[in-house]
Amino acid sequence: MTEHVVAKADDISEGESISVLIEGREIGVFLKDGEYYGYLNYCPHQGGPVCDGDLFGTFDAAFDRDTLEYEEFWVKEGEVLVCPWHNWEFDLTTGEALANNGVSVPKYQVKEKDGDVIIET
């Protein structure tokens, strides 16, 4: 593994991201709840710049078969990365697509050390 210092920890605010270029690959680095996440800026759907998308929440639902009642509720506020091209949604903490099992954005290990943000490739 090679470590790349990509920013100072103060350069990324909570809930924000930066993009960096490492070995010809654009990588988005996100800070959410004190944790760093890094993803290749390439949507597996049609190659869009997924890391340029916003962080939102998403809807989930529950259906009661006995009463036939259906309820929608908002979940994962600030934890869903939405690709700006076609609105595919990805879990920020895992990179997994929310609606397509087995599809994910390639993930990189990101850590903070001595005030630096470091990506491992």
# chains A, B, ... in the order shown; residues from 1 in each chain; ligands from 1
call {"tool": "closest_atom_pairs", "arguments": {"of": "range 10-70 of chain A", "to": "range 94-105 of chain A", "cutoff": "10 Å", "atoms": "only C-alpha atoms", "output": "Markdown table"}}
result
| residue | atom | partner | partner_atom | distance |
| --- | --- | --- | --- | --- |
| A:Tyr37 | CA | A:Thr94 | CA | 8.6 |
| A:Gly38 | CA | A:Gly95 | CA | 9.1 |
| A:Tyr39 | CA | A:Val105 | CA | 6.4 |
| A:Leu40 | CA | A:Val105 | CA | 6.6 |
| A:Asn41 | CA | A:Val105 | CA | 8.1 |
| A:Tyr42 | CA | A:Val105 | CA | 7.1 |
| A:Cys43 | CA | A:Val105 | CA | 6.4 |
| A:Pro44 | CA | A:Val105 | CA | 6.4 |
| A:His45 | CA | A:Val103 | CA | 8.7 |
| A:Val50 | CA | A:Val105 | CA | 8.5 |
| A:Cys51 | CA | A:Val105 | CA | 9.6 |
| A:Thr58 | CA | A:Leu98 | CA | 9.2 |
call {"tool": "residues_around", "arguments": {"residues": "Cys83 in chain A", "least_positions_apart": "4", "cutoff": "7 Å", "atoms": "only C-alpha atoms", "output": "PyMOL selection string"}}
result
chain A and resi 43+48-50+53+87-89
call {"tool": "closest_residue", "arguments": {"among": "A:Asp60, A:Leu81, A:Tyr70, A:Ile118", "to": "Gly15 in chain A", "atoms": "only C-alpha atoms"}}
result
A:Leu81
call {"tool": "select_by_dssp", "arguments": {"residues": "range 2-121 of chain A", "states": "helix (DSSP H, G or I)", "output": "MDAnalysis selection string"}}
result
chainID A and resid 9:11 50:52
call {"tool": "write_last_selection", "arguments": {"atoms": "N, CA, C and O atoms", "output": "PDB file, in the first residue's frame"}}
result
ATOM      1  N   ALA A   9      -6.396  18.131   7.617  1.00  0.00           N
ATOM      2  CA  ALA A   9      -7.708  17.803   8.178  1.00  0.00           C
ATOM      3  C   ALA A   9      -8.623  19.023   8.211  1.00  0.00           C
ATOM      4  O   ALA A   9      -9.836  18.905   8.005  1.00  0.00           O
ATOM      5  N   ASP A  10      -8.062  20.204   8.415  1.00  0.00           N
ATOM      6  CA  ASP A  10      -8.866  21.432   8.452  1.00  0.00           C
ATOM      7  C   ASP A  10      -9.427  21.821   7.085  1.00  0.00           C
ATOM      8  O   ASP A  10     -10.303  22.684   7.005  1.00  0.00           O
ATOM      9  N   ASP A  11      -8.928  21.197   6.010  1.00  0.00           N
ATOM     10  CA  ASP A  11      -9.395  21.531   4.666  1.00  0.00           C
ATOM     11  C   ASP A  11     -10.760  20.927   4.340  1.00  0.00           C
ATOM     12  O   ASP A  11     -11.390  21.329   3.359  1.00  0.00           O
ATOM     13  N   VAL A  50     -19.772  10.653  -9.765  1.00  0.00           N
ATOM     14  CA  VAL A  50     -20.592  10.402  -8.577  1.00  0.00           C
ATOM     15  C   VAL A  50     -20.171  11.246  -7.382  1.00  0.00           C
ATOM     16  O   VAL A  50     -21.021  11.720  -6.623  1.00  0.00           O
ATOM     17  N   CYS A  51     -18.897  11.481  -7.197  1.00  0.00           N
ATOM     18  CA  CYS A  51     -18.432  12.234  -6.033  1.00  0.00           C
ATOM     19  C   CYS A  51     -18.722  13.722  -6.135  1.00  0.00           C
ATOM     20  O   CYS A  51     -18.564  14.455  -5.152  1.00  0.00           O
ATOM     21  N   ASP A  52     -19.157  14.174  -7.301  1.00  0.00           N
ATOM     22  CA  ASP A  52     -19.572  15.565  -7.456  1.00  0.00           C
ATOM     23  C   ASP A  52     -21.014  15.757  -7.004  1.00  0.00           C
ATOM     24  O   ASP A  52     -21.513  16.878  -6.964  1.00  0.00           O
TER      25      ASP A  52
END
call {"tool": "select_by_dssp", "arguments": {"residues": "chain A", "states": "strand (DSSP E or B)", "output": "number ranges by chain"}}
result
A: 3-8, 17-22, 25-32, 35-40, 54-64, 69-82, 89-91, 96-97, 104, 107-113, 116-120
call {"tool": "residues_around", "arguments": {"residues": "Ala62 in chain A", "least_positions_apart": "3", "cutoff": "9 Å", "atoms": "only C-alpha atoms", "output": "VMD selection string"}}
result
chain A and resid 69 to 73
call {"tool": "atom_distance", "arguments": {"atom1": "CA of Tyr36 in chain A", "atom2": "CA of Ala7 in chain A"}}
result
11.9 Å
call {"tool": "closest_residue", "arguments": {"among": "A:Glu77, A:Glu35, A:Asp64, A:Asp54", "to": "Thr93 in chain A", "atoms": "only C-alpha atoms"}}
result
A:Glu35
call {"tool": "decode", "arguments": {"residues": "range 14-44 of chain A", "atoms": "N, CA, C and O atoms", "output": "PDB file, in the first residue's frame"}}
result
ATOM      1  N   GLU A  14     -17.013  19.094   8.196  1.00  0.00           N
ATOM      2  CA  GLU A  14     -17.999  18.046   8.440  1.00  0.00           C
ATOM      3  C   GLU A  14     -19.133  18.136   7.403  1.00  0.00           C
ATOM      4  O   GLU A  14     -19.671  19.209   7.140  1.00  0.00           O
ATOM      5  N   GLY A  15     -19.437  16.990   6.780  1.00  0.00           N
ATOM      6  CA  GLY A  15     -20.500  16.931   5.781  1.00  0.00           C
ATOM      7  C   GLY A  15     -20.087  17.420   4.408  1.00  0.00           C
ATOM      8  O   GLY A  15     -20.905  17.496   3.500  1.00  0.00           O
ATOM      9  N   GLU A  16     -18.816  17.728   4.234  1.00  0.00           N
ATOM     10  CA  GLU A  16     -18.309  18.247   2.958  1.00  0.00           C
ATOM     11  C   GLU A  16     -17.357  17.239   2.322  1.00  0.00           C
ATOM     12  O   GLU A  16     -17.041  16.202   2.889  1.00  0.00           O
ATOM     13  N   SER A  17     -16.874  17.587   1.116  1.00  0.00           N
ATOM     14  CA  SER A  17     -15.943  16.711   0.409  1.00  0.00           C
ATOM     15  C   SER A  17     -14.942  17.531  -0.384  1.00  0.00           C
ATOM     16  O   SER A  17     -15.137  18.719  -0.618  1.00  0.00           O
ATOM     17  N   ILE A  18     -13.871  16.846  -0.779  1.00  0.00           N
ATOM     18  CA  ILE A  18     -12.903  17.410  -1.708  1.00  0.00           C
ATOM     19  C   ILE A  18     -12.628  16.339  -2.757  1.00  0.00           C
ATOM     20  O   ILE A  18     -12.888  15.152  -2.537  1.00  0.00           O
ATOM     21  N   SER A  19     -12.121  16.754  -3.902  1.00  0.00           N
ATOM     22  CA  SER A  19     -11.682  15.815  -4.934  1.00  0.00           C
ATOM     23  C   SER A  19     -10.185  15.952  -5.098  1.00  0.00           C
ATOM     24  O   SER A  19      -9.646  17.061  -5.089  1.00  0.00           O
ATOM     25  N   VAL A  20      -9.514  14.810  -5.253  1.00  0.00           N
ATOM     26  CA  VAL A  20      -8.067  14.801  -5.436  1.00  0.00           C
ATOM     27  C   VAL A  20      -7.733  13.876  -6.599  1.00  0.00           C
ATOM     28  O   VAL A  20      -8.501  12.976  -6.936  1.00  0.00           O
ATOM     29  N   LEU A  21      -6.596  14.112  -7.211  1.00  0.00           N
ATOM     30  CA  LEU A  21      -6.127  13.279  -8.311  1.00  0.00           C
ATOM     31  C   LEU A  21      -4.906  12.499  -7.833  1.00  0.00           C
ATOM     32  O   LEU A  21      -3.908  13.084  -7.422  1.00  0.00           O
ATOM     33  N   ILE A  22      -5.010  11.170  -7.864  1.00  0.00           N
ATOM     34  CA  ILE A  22      -3.907  10.298  -7.456  1.00  0.00           C
ATOM     35  C   ILE A  22      -3.681   9.265  -8.550  1.00  0.00           C
ATOM     36  O   ILE A  22      -4.595   8.510  -8.893  1.00  0.00           O
ATOM     37  N   GLU A  23      -2.485   9.250  -9.080  1.00  0.00           N
ATOM     38  CA  GLU A  23      -2.103   8.271 -10.102  1.00  0.00           C
ATOM     39  C   GLU A  23      -3.136   8.201 -11.236  1.00  0.00           C
ATOM     40  O   GLU A  23      -3.515   7.124 -11.687  1.00  0.00           O
ATOM     41  N   GLY A  24      -3.601   9.371 -11.663  1.00  0.00           N
ATOM     42  CA  GLY A  24      -4.552   9.447 -12.780  1.00  0.00           C
ATOM     43  C   GLY A  24      -5.994   9.147 -12.424  1.00  0.00           C
ATOM     44  O   GLY A  24      -6.851   9.128 -13.299  1.00  0.00           O
ATOM     45  N   ARG A  25      -6.278   8.922 -11.146  1.00  0.00           N
ATOM     46  CA  ARG A  25      -7.643   8.624 -10.705  1.00  0.00           C
ATOM     47  C   ARG A  25      -8.169   9.766  -9.849  1.00  0.00           C
ATOM     48  O   ARG A  25      -7.499  10.194  -8.902  1.00  0.00           O
ATOM     49  N   GLU A  26      -9.378  10.236 -10.168  1.00  0.00           N
ATOM     50  CA  GLU A  26     -10.007  11.252  -9.342  1.00  0.00           C
ATOM     51  C   GLU A  26     -10.754  10.552  -8.208  1.00  0.00           C
ATOM     52  O   GLU A  26     -11.553   9.646  -8.441  1.00  0.00           O
ATOM     53  N   ILE A  27     -10.467  10.980  -6.997  1.00  0.00           N
ATOM     54  CA  ILE A  27     -11.040  10.362  -5.806  1.00  0.00           C
ATOM     55  C   ILE A  27     -11.722  11.445  -4.979  1.00  0.00           C
ATOM     56  O   ILE A  27     -11.150  12.508  -4.735  1.00  0.00           O
ATOM     57  N   GLY A  28     -12.956  11.173  -4.568  1.00  0.00           N
ATOM     58  CA  GLY A  28     -13.679  12.069  -3.678  1.00  0.00           C
ATOM     59  C   GLY A  28     -13.449  11.643  -2.243  1.00  0.00           C
ATOM     60  O   GLY A  28     -13.514  10.460  -1.922  1.00  0.00           O
ATOM     61  N   VAL A  29     -13.153  12.614  -1.383  1.00  0.00           N
ATOM     62  CA  VAL A  29     -12.935  12.352   0.039  1.00  0.00           C
ATOM     63  C   VAL A  29     -14.022  13.095   0.814  1.00  0.00           C
ATOM     64  O   VAL A  29     -14.179  14.305   0.667  1.00  0.00           O
ATOM     65  N   PHE A  30     -14.759  12.351   1.629  1.00  0.00           N
ATOM     66  CA  PHE A  30     -15.882  12.893   2.380  1.00  0.00           C
ATOM     67  C   PHE A  30     -15.609  12.781   3.868  1.00  0.00           C
ATOM     68  O   PHE A  30     -14.964  11.827   4.318  1.00  0.00           O
ATOM     69  N   LEU A  31     -16.132  13.738   4.642  1.00  0.00           N
ATOM     70  CA  LEU A  31     -16.057  13.689   6.098  1.00  0.00           C
ATOM     71  C   LEU A  31     -17.479  13.708   6.640  1.00  0.00           C
ATOM     72  O   LEU A  31     -18.222  14.656   6.411  1.00  0.00           O
ATOM     73  N   LYS A  32     -17.859  12.626   7.299  1.00  0.00           N
ATOM     74  CA  LYS A  32     -19.203  12.513   7.870  1.00  0.00           C
ATOM     75  C   LYS A  32     -19.091  11.926   9.267  1.00  0.00           C
ATOM     76  O   LYS A  32     -18.524  10.843   9.440  1.00  0.00           O
ATOM     77  N   ASP A  33     -19.620  12.640  10.249  1.00  0.00           N
ATOM     78  CA  ASP A  33     -19.602  12.206  11.647  1.00  0.00           C
ATOM     79  C   ASP A  33     -18.189  11.838  12.120  1.00  0.00           C
ATOM     80  O   ASP A  33     -17.983  10.848  12.810  1.00  0.00           O
ATOM     81  N   GLY A  34     -17.215  12.636  11.686  1.00  0.00           N
ATOM     82  CA  GLY A  34     -15.833  12.440  12.118  1.00  0.00           C
ATOM     83  C   GLY A  34     -15.084  11.328  11.405  1.00  0.00           C
ATOM     84  O   GLY A  34     -13.929  11.079  11.706  1.00  0.00           O
ATOM     85  N   GLU A  35     -15.728  10.654  10.458  1.00  0.00           N
ATOM     86  CA  GLU A  35     -15.102   9.571   9.698  1.00  0.00           C
ATOM     87  C   GLU A  35     -14.855  10.032   8.258  1.00  0.00           C
ATOM     88  O   GLU A  35     -15.679  10.736   7.667  1.00  0.00           O
ATOM     89  N   TYR A  36     -13.733   9.583   7.698  1.00  0.00           N
ATOM     90  CA  TYR A  36     -13.407   9.894   6.311  1.00  0.00           C
ATOM     91  C   TYR A  36     -13.775   8.716   5.417  1.00  0.00           C
ATOM     92  O   TYR A  36     -13.593   7.552   5.786  1.00  0.00           O
ATOM     93  N   TYR A  37     -14.277   9.037   4.230  1.00  0.00           N
ATOM     94  CA  TYR A  37     -14.625   8.028   3.234  1.00  0.00           C
ATOM     95  C   TYR A  37     -14.058   8.483   1.895  1.00  0.00           C
ATOM     96  O   TYR A  37     -14.136   9.664   1.551  1.00  0.00           O
ATOM     97  N   GLY A  38     -13.493   7.556   1.146  1.00  0.00           N
ATOM     98  CA  GLY A  38     -12.927   7.881  -0.162  1.00  0.00           C
ATOM     99  C   GLY A  38     -13.476   6.958  -1.231  1.00  0.00           C
ATOM    100  O   GLY A  38     -13.535   5.743  -1.047  1.00  0.00           O
ATOM    101  N   TYR A  39     -13.887   7.561  -2.362  1.00  0.00           N
ATOM    102  CA  TYR A  39     -14.462   6.785  -3.465  1.00  0.00           C
ATOM    103  C   TYR A  39     -13.928   7.280  -4.802  1.00  0.00           C
ATOM    104  O   TYR A  39     -13.707   8.485  -4.992  1.00  0.00           O
ATOM    105  N   LEU A  40     -13.763   6.338  -5.717  1.00  0.00           N
ATOM    106  CA  LEU A  40     -13.431   6.693  -7.082  1.00  0.00           C
ATOM    107  C   LEU A  40     -14.570   7.533  -7.639  1.00  0.00           C
ATOM    108  O   LEU A  40     -15.749   7.184  -7.489  1.00  0.00           O
ATOM    109  N   ASN A  41     -14.243   8.629  -8.292  1.00  0.00           N
ATOM    110  CA  ASN A  41     -15.267   9.530  -8.826  1.00  0.00           C
ATOM    111  C   ASN A  41     -15.778   9.002 -10.168  1.00  0.00           C
ATOM    112  O   ASN A  41     -15.620   9.624 -11.213  1.00  0.00           O
ATOM    113  N   TYR A  42     -16.391   7.828 -10.109  1.00  0.00           N
ATOM    114  CA  TYR A  42     -16.874   7.155 -11.317  1.00  0.00           C
ATOM    115  C   TYR A  42     -18.092   6.320 -10.941  1.00  0.00           C
ATOM    116  O   TYR A  42     -17.974   5.329 -10.214  1.00  0.00           O
ATOM    117  N   CYS A  43     -19.248   6.732 -11.422  1.00  0.00           N
ATOM    118  CA  CYS A  43     -20.481   6.010 -11.116  1.00  0.00           C
ATOM    119  C   CYS A  43     -20.540   4.718 -11.936  1.00  0.00           C
ATOM    120  O   CYS A  43     -20.331   4.747 -13.155  1.00  0.00           O
ATOM    121  N   PRO A  44     -20.829   3.576 -11.294  1.00  0.00           N
ATOM    122  CA  PRO A  44     -20.888   2.312 -12.029  1.00  0.00           C
ATOM    123  C   PRO A  44     -22.066   2.227 -12.998  1.00  0.00           C
ATOM    124  O   PRO A  44     -22.103   1.338 -13.837  1.00  0.00           O
TER     125      PRO A  44
END
